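A.B. asks: Submitted below is the structure of interest, expressed as structure tokens.
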Amino acid sequence: MATFMQKIPKKTGSRGLQLVGVAAVIAVILLSACKVSYTPNGASIDYTKVKTIQIADFPIRSSYVWGPMSSIFNNQLKDKFANNTRLTQVKRNGDMKIEGEITSYTQRNKSVSSEGYSVQTELALTVNVRFVNNTNHGEDFERQFTATSTYETTQSLSSVQEELVTQMCKELTDQIFNATVAQW
């Protein structure tokens, strides 16, 4: 302890105080110049301008379909915005509008064994989204989002389809949420 105390100067010079003062002033300026906005759900919405959202049901336009897929996706998308924003969902004339369609639902062999048999199959779900922000049309877009999921070929598609489609719909709704209101 005595060795430690000997290394600490007994008298702080005015030069040291000046450096501490300058550092404090710089820190205050930097902190006051920065705007930190934290929201626990990731949404960055100006609720003084945007109060409503219109989310249309996405019809299936894919040649390969699974019946419940559309309702799973539509419900998850509406729930994502209901649970993570303060926006009121409306049937028409929303401050924000999301519409689109499920354009593709495919499966393909992802990996093959040395004997030439499929070992894993990959499902892919793609949606086309049109987003309109009536309070800031610079944020409008139309684009596609895709989610994939893999299952072992030893399992039948019918035994894993509901779980995998639900996972892909969650991933898609997260992507859409981030692109529209979280702006990541």
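In the structure tokens, the first chain shown is A, the next is B, and so on; residue numbers restart at 1 for each chain, and ligands run from 1 in the order shown.
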When DSSP works through the backbone of this structure, what residues of region 30-173 of chain A end up as strand (DSSP E), shown as an mmCIF file with N, CA, C and O atoms, in the first residue's frame?
C.D. replies:
```cif
data_model
loop_
_atom_site.group_PDB
_atom_site.id
_atom_site.type_symbol
_atom_site.label_atom_id
_atom_site.label_comp_id
_atom_site.auth_asym_id
_atom_site.auth_seq_id
_atom_site.Cartn_x
_atom_site.Cartn_y
_atom_site.Cartn_z
ATOM 1 N N THR A 52 -51.831 5.796 -37.326
ATOM 2 C CA THR A 52 -52.575 4.632 -37.801
ATOM 3 C C THR A 52 -51.766 3.852 -38.837
ATOM 4 O O THR A 52 -50.889 4.389 -39.503
ATOM 5 N N ILE A 53 -52.111 2.570 -38.959
ATOM 6 C CA ILE A 53 -51.503 1.716 -39.973
ATOM 7 C C ILE A 53 -52.581 0.823 -40.567
ATOM 8 O O ILE A 53 -53.458 0.323 -39.858
ATOM 9 N N GLN A 54 -52.511 0.673 -41.877
ATOM 10 C CA GLN A 54 -53.430 -0.188 -42.609
ATOM 11 C C GLN A 54 -52.628 -1.379 -43.114
ATOM 12 O O GLN A 54 -51.670 -1.215 -43.869
ATOM 13 N N ILE A 55 -52.985 -2.579 -42.669
ATOM 14 C CA ILE A 55 -52.289 -3.797 -43.090
ATOM 15 C C ILE A 55 -53.291 -4.686 -43.816
ATOM 16 O O ILE A 55 -54.218 -5.221 -43.203
ATOM 17 N N THR A 88 -52.669 2.461 -34.330
ATOM 18 C CA THR A 88 -53.998 1.877 -34.410
ATOM 19 C C THR A 88 -54.169 1.282 -35.802
ATOM 20 O O THR A 88 -53.927 1.960 -36.798
ATOM 21 N N GLN A 89 -54.582 0.021 -35.864
ATOM 22 C CA GLN A 89 -54.793 -0.611 -37.163
ATOM 23 C C GLN A 89 -56.168 -0.229 -37.689
ATOM 24 O O GLN A 89 -57.161 -0.326 -36.973
ATOM 25 N N MET A 96 -49.756 4.872 -42.444
ATOM 26 C CA MET A 96 -48.855 3.924 -43.099
ATOM 27 C C MET A 96 -49.712 2.806 -43.680
ATOM 28 O O MET A 96 -50.767 2.473 -43.133
ATOM 29 N N LYS A 97 -49.237 2.236 -44.788
ATOM 30 C CA LYS A 97 -49.997 1.172 -45.441
ATOM 31 C C LYS A 97 -49.035 0.065 -45.869
ATOM 32 O O LYS A 97 -48.003 0.327 -46.479
ATOM 33 N N ILE A 98 -49.385 -1.173 -45.515
ATOM 34 C CA ILE A 98 -48.601 -2.343 -45.918
ATOM 35 C C ILE A 98 -49.536 -3.288 -46.658
ATOM 36 O O ILE A 98 -50.590 -3.660 -46.146
ATOM 37 N N GLU A 99 -49.137 -3.647 -47.864
ATOM 38 C CA GLU A 99 -49.900 -4.608 -48.643
ATOM 39 C C GLU A 99 -48.939 -5.429 -49.483
ATOM 40 O O GLU A 99 -47.768 -5.078 -49.623
ATOM 41 N N GLY A 100 -49.427 -6.515 -50.021
ATOM 42 C CA GLY A 100 -48.581 -7.346 -50.857
ATOM 43 C C GLY A 100 -49.194 -8.711 -51.053
ATOM 44 O O GLY A 100 -50.399 -8.892 -50.886
ATOM 45 N N GLU A 101 -48.342 -9.667 -51.407
ATOM 46 C CA GLU A 101 -48.803 -11.007 -51.663
ATOM 47 C C GLU A 101 -47.684 -12.006 -51.370
ATOM 48 O O GLU A 101 -46.514 -11.658 -51.394
ATOM 49 N N ILE A 102 -48.106 -13.233 -51.081
ATOM 50 C CA ILE A 102 -47.158 -14.340 -50.925
ATOM 51 C C ILE A 102 -46.879 -14.831 -52.336
ATOM 52 O O ILE A 102 -47.776 -15.331 -53.018
ATOM 53 N N THR A 103 -45.642 -14.647 -52.794
ATOM 54 C CA THR A 103 -45.333 -14.917 -54.196
ATOM 55 C C THR A 103 -44.687 -16.268 -54.443
ATOM 56 O O THR A 103 -44.735 -16.777 -55.559
ATOM 57 N N SER A 104 -44.081 -16.852 -53.411
ATOM 58 C CA SER A 104 -43.383 -18.110 -53.645
ATOM 59 C C SER A 104 -43.303 -18.939 -52.369
ATOM 60 O O SER A 104 -43.029 -18.416 -51.293
ATOM 61 N N TYR A 105 -43.552 -20.231 -52.533
ATOM 62 C CA TYR A 105 -43.364 -21.206 -51.467
ATOM 63 C C TYR A 105 -42.755 -22.422 -52.153
ATOM 64 O O TYR A 105 -43.404 -23.073 -52.974
ATOM 65 N N THR A 106 -41.484 -22.677 -51.872
ATOM 66 C CA THR A 106 -40.769 -23.728 -52.596
ATOM 67 C C THR A 106 -40.043 -24.649 -51.632
ATOM 68 O O THR A 106 -39.772 -24.289 -50.487
ATOM 69 N N GLN A 107 -39.716 -25.816 -52.154
ATOM 70 C CA GLN A 107 -38.843 -26.722 -51.424
ATOM 71 C C GLN A 107 -37.808 -27.253 -52.409
ATOM 72 O O GLN A 107 -38.085 -27.417 -53.592
ATOM 73 N N ARG A 108 -36.595 -27.469 -51.900
ATOM 74 C CA ARG A 108 -35.521 -27.981 -52.743
ATOM 75 C C ARG A 108 -34.587 -28.817 -51.885
ATOM 76 O O ARG A 108 -34.511 -28.630 -50.669
ATOM 77 N N ASN A 109 -33.877 -29.718 -52.532
ATOM 78 C CA ASN A 109 -32.871 -30.493 -51.825
ATOM 79 C C ASN A 109 -31.728 -29.562 -51.446
ATOM 80 O O ASN A 109 -31.207 -28.846 -52.292
ATOM 81 N N LYS A 110 -31.378 -29.585 -50.181
ATOM 82 C CA LYS A 110 -30.289 -28.721 -49.721
ATOM 83 C C LYS A 110 -28.971 -29.475 -49.662
ATOM 84 O O LYS A 110 -27.921 -28.931 -49.972
ATOM 85 N N SER A 111 -29.012 -30.717 -49.239
ATOM 86 C CA SER A 111 -27.780 -31.506 -49.209
ATOM 87 C C SER A 111 -28.092 -32.945 -49.609
ATOM 88 O O SER A 111 -29.190 -33.443 -49.390
ATOM 89 N N VAL A 112 -27.080 -33.566 -50.200
ATOM 90 C CA VAL A 112 -27.236 -34.916 -50.730
ATOM 91 C C VAL A 112 -26.172 -35.812 -50.102
ATOM 92 O O VAL A 112 -25.025 -35.395 -49.911
ATOM 93 N N SER A 118 -31.220 -37.369 -51.070
ATOM 94 C CA SER A 118 -31.400 -36.114 -50.338
ATOM 95 C C SER A 118 -31.331 -36.363 -48.831
ATOM 96 O O SER A 118 -31.934 -37.305 -48.320
ATOM 97 N N VAL A 119 -30.587 -35.513 -48.131
ATOM 98 C CA VAL A 119 -30.458 -35.623 -46.680
ATOM 99 C C VAL A 119 -31.243 -34.506 -45.991
ATOM 100 O O VAL A 119 -31.850 -34.703 -44.947
ATOM 101 N N GLN A 120 -31.217 -33.325 -46.608
ATOM 102 C CA GLN A 120 -31.942 -32.172 -46.060
ATOM 103 C C GLN A 120 -32.724 -31.488 -47.169
ATOM 104 O O GLN A 120 -32.285 -31.440 -48.322
ATOM 105 N N THR A 121 -33.871 -30.959 -46.778
ATOM 106 C CA THR A 121 -34.712 -30.203 -47.700
ATOM 107 C C THR A 121 -34.898 -28.802 -47.136
ATOM 108 O O THR A 121 -35.074 -28.631 -45.933
ATOM 109 N N GLU A 122 -34.834 -27.822 -48.025
ATOM 110 C CA GLU A 122 -35.003 -26.432 -47.601
ATOM 111 C C GLU A 122 -36.330 -25.898 -48.133
ATOM 112 O O GLU A 122 -36.631 -26.027 -49.322
ATOM 113 N N LEU A 123 -37.108 -25.334 -47.226
ATOM 114 C CA LEU A 123 -38.332 -24.622 -47.606
ATOM 115 C C LEU A 123 -38.001 -23.143 -47.692
ATOM 116 O O LEU A 123 -37.224 -22.631 -46.881
ATOM 117 N N ALA A 124 -38.588 -22.453 -48.652
ATOM 118 C CA ALA A 124 -38.406 -21.008 -48.789
ATOM 119 C C ALA A 124 -39.771 -20.358 -48.992
ATOM 120 O O ALA A 124 -40.606 -20.864 -49.757
ATOM 121 N N LEU A 125 -39.984 -19.269 -48.306
ATOM 122 C CA LEU A 125 -41.232 -18.513 -48.395
ATOM 123 C C LEU A 125 -40.881 -17.072 -48.741
ATOM 124 O O LEU A 125 -40.064 -16.452 -48.055
ATOM 125 N N THR A 126 -41.469 -16.558 -49.821
ATOM 126 C CA THR A 126 -41.175 -15.198 -50.278
ATOM 127 C C THR A 126 -42.459 -14.389 -50.346
ATOM 128 O O THR A 126 -43.486 -14.884 -50.829
ATOM 129 N N VAL A 127 -42.384 -13.157 -49.850
ATOM 130 C CA VAL A 127 -43.515 -12.228 -49.943
ATOM 131 C C VAL A 127 -43.050 -10.953 -50.635
ATOM 132 O O VAL A 127 -41.902 -10.529 -50.489
ATOM 133 N N ASN A 128 -43.939 -10.379 -51.410
ATOM 134 C CA ASN A 128 -43.698 -9.080 -52.029
ATOM 135 C C ASN A 128 -44.460 -8.049 -51.193
ATOM 136 O O ASN A 128 -45.648 -8.230 -50.913
ATOM 137 N N VAL A 129 -43.777 -6.993 -50.771
ATOM 138 C CA VAL A 129 -44.375 -5.994 -49.877
ATOM 139 C C VAL A 129 -44.340 -4.624 -50.532
ATOM 140 O O VAL A 129 -43.306 -4.197 -51.057
ATOM 141 N N ARG A 130 -45.474 -3.938 -50.464
ATOM 142 C CA ARG A 130 -45.560 -2.534 -50.865
ATOM 143 C C ARG A 130 -45.855 -1.727 -49.600
ATOM 144 O O ARG A 130 -46.860 -1.979 -48.941
ATOM 145 N N PHE A 131 -44.960 -0.805 -49.286
ATOM 146 C CA PHE A 131 -45.095 0.007 -48.071
ATOM 147 C C PHE A 131 -45.252 1.460 -48.479
ATOM 148 O O PHE A 131 -44.466 1.978 -49.285
ATOM 149 N N VAL A 132 -46.247 2.110 -47.921
ATOM 150 C CA VAL A 132 -46.479 3.538 -48.165
ATOM 151 C C VAL A 132 -46.555 4.240 -46.821
ATOM 152 O O VAL A 132 -47.319 3.833 -45.949
ATOM 153 N N ASN A 133 -45.739 5.283 -46.672
ATOM 154 C CA ASN A 133 -45.809 6.138 -45.486
ATOM 155 C C ASN A 133 -46.392 7.464 -45.950
ATOM 156 O O ASN A 133 -45.697 8.269 -46.568
ATOM 157 N N PHE A 141 -41.625 1.984 -50.358
ATOM 158 C CA PHE A 141 -40.854 1.003 -51.123
ATOM 159 C C PHE A 141 -41.739 -0.153 -51.549
ATOM 160 O O PHE A 141 -42.824 -0.360 -51.021
ATOM 161 N N GLU A 142 -41.228 -0.898 -52.517
ATOM 162 C CA GLU A 142 -41.778 -2.202 -52.873
ATOM 163 C C GLU A 142 -40.594 -3.137 -53.001
ATOM 164 O O GLU A 142 -39.661 -2.860 -53.755
ATOM 165 N N ARG A 143 -40.627 -4.233 -52.243
ATOM 166 C CA ARG A 143 -39.530 -5.192 -52.317
ATOM 167 C C ARG A 143 -39.945 -6.550 -51.793
ATOM 168 O O ARG A 143 -40.976 -6.684 -51.156
ATOM 169 N N GLN A 144 -39.091 -7.530 -52.079
ATOM 170 C CA GLN A 144 -39.382 -8.894 -51.666
ATOM 171 C C GLN A 144 -38.565 -9.264 -50.431
ATOM 172 O O GLN A 144 -37.431 -8.819 -50.269
ATOM 173 N N PHE A 145 -39.178 -10.092 -49.593
ATOM 174 C CA PHE A 145 -38.531 -10.631 -48.400
ATOM 175 C C PHE A 145 -38.647 -12.144 -48.461
ATOM 176 O O PHE A 145 -39.704 -12.672 -48.820
ATOM 177 N N THR A 146 -37.573 -12.829 -48.089
ATOM 178 C CA THR A 146 -37.553 -14.285 -48.134
ATOM 179 C C THR A 146 -37.048 -14.851 -46.815
ATOM 180 O O THR A 146 -36.114 -14.311 -46.222
ATOM 181 N N ALA A 147 -37.656 -15.930 -46.390
ATOM 182 C CA ALA A 147 -37.195 -16.673 -45.215
ATOM 183 C C ALA A 147 -37.085 -18.143 -45.622
ATOM 184 O O ALA A 147 -37.855 -18.626 -46.455
ATOM 185 N N THR A 148 -36.111 -18.816 -45.022
ATOM 186 C CA THR A 148 -35.920 -20.234 -45.322
ATOM 187 C C THR A 148 -35.842 -21.043 -44.035
ATOM 188 O O THR A 148 -35.536 -20.507 -42.969
ATOM 189 N N SER A 149 -36.111 -22.331 -44.182
ATOM 190 C CA SER A 149 -35.998 -23.255 -43.066
ATOM 191 C C SER A 149 -35.661 -24.633 -43.629
ATOM 192 O O SER A 149 -36.106 -24.983 -44.717
ATOM 193 N N THR A 150 -34.876 -25.378 -42.880
ATOM 194 C CA THR A 150 -34.401 -26.678 -43.342
ATOM 195 C C THR A 150 -34.906 -27.790 -42.428
ATOM 196 O O THR A 150 -35.003 -27.604 -41.224
ATOM 197 N N TYR A 151 -35.201 -28.924 -43.033
ATOM 198 C CA TYR A 151 -35.582 -30.101 -42.234
ATOM 199 C C TYR A 151 -34.916 -31.341 -42.813
ATOM 200 O O TYR A 151 -34.545 -31.385 -43.989
ATOM 201 N N GLU A 152 -34.748 -32.320 -41.953
ATOM 202 C CA GLU A 152 -34.143 -33.588 -42.358
ATOM 203 C C GLU A 152 -35.130 -34.351 -43.244
ATOM 204 O O GLU A 152 -36.324 -34.422 -42.938
#
```
A.B. asks: Can you tell me which residues surround Gln76 (chain A) at a distance of at most 9 Å, considering only C-alpha atoms, apart from same-chain residues fewer than 2 positions away, and format the answer as a PyMOL selection string?
C.D. replies: chain A and resi 71-74+78-81+166+169-170+173
A.B. asks: Return the single residue from A:Ser159, A:Ser62, A:Ser44, A:Ser113 that is closest to Thr85 (chain A), with distances computed using only C-alpha atoms.
C.D. replies: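 When distances to Thr85 (chain A) are compared using only C-alpha atoms, the smallest one comes from A:Ser44.
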A.B. asks: Just the residues within 12 Å of Asp46 (chain A), please, counting only C-alpha atoms, with nothing from its chain fewer than 4 positions along; format it as a ChimeraX atom specification.
C.D. replies: /A:37,39,50-52,85-87,95-96,133,135-136,181-182
A.B. asks: Just give me the gap between CA of Lys91 (chain A) and CA of Pro68 (chain A) in Å, one decimal is fine.
C.D. replies: 22.4 Å
A.B. asks: What is the distance, in Å and to one decimal place, between CA of Val165 (chain A) and CA of Met69 (chain A)?
C.D. replies: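 Here the two named atoms are 6.8 Å from each other.
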A.B. asks: Quick one, how far is CA of Asp174 (chain A) from CA of Ala56 (chain A)?
C.D. replies: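 Interatomic distance here is 16.8 Å.
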A.B. asks: Which of these residues is nearest to Gly138 (chain A), using only C-alpha atoms: A:Thr180, A:Ser63, A:Gln155, A:Ala82?
C.D. replies: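 For Gly138 (chain A), the nearest of the candidates is A:Thr180.
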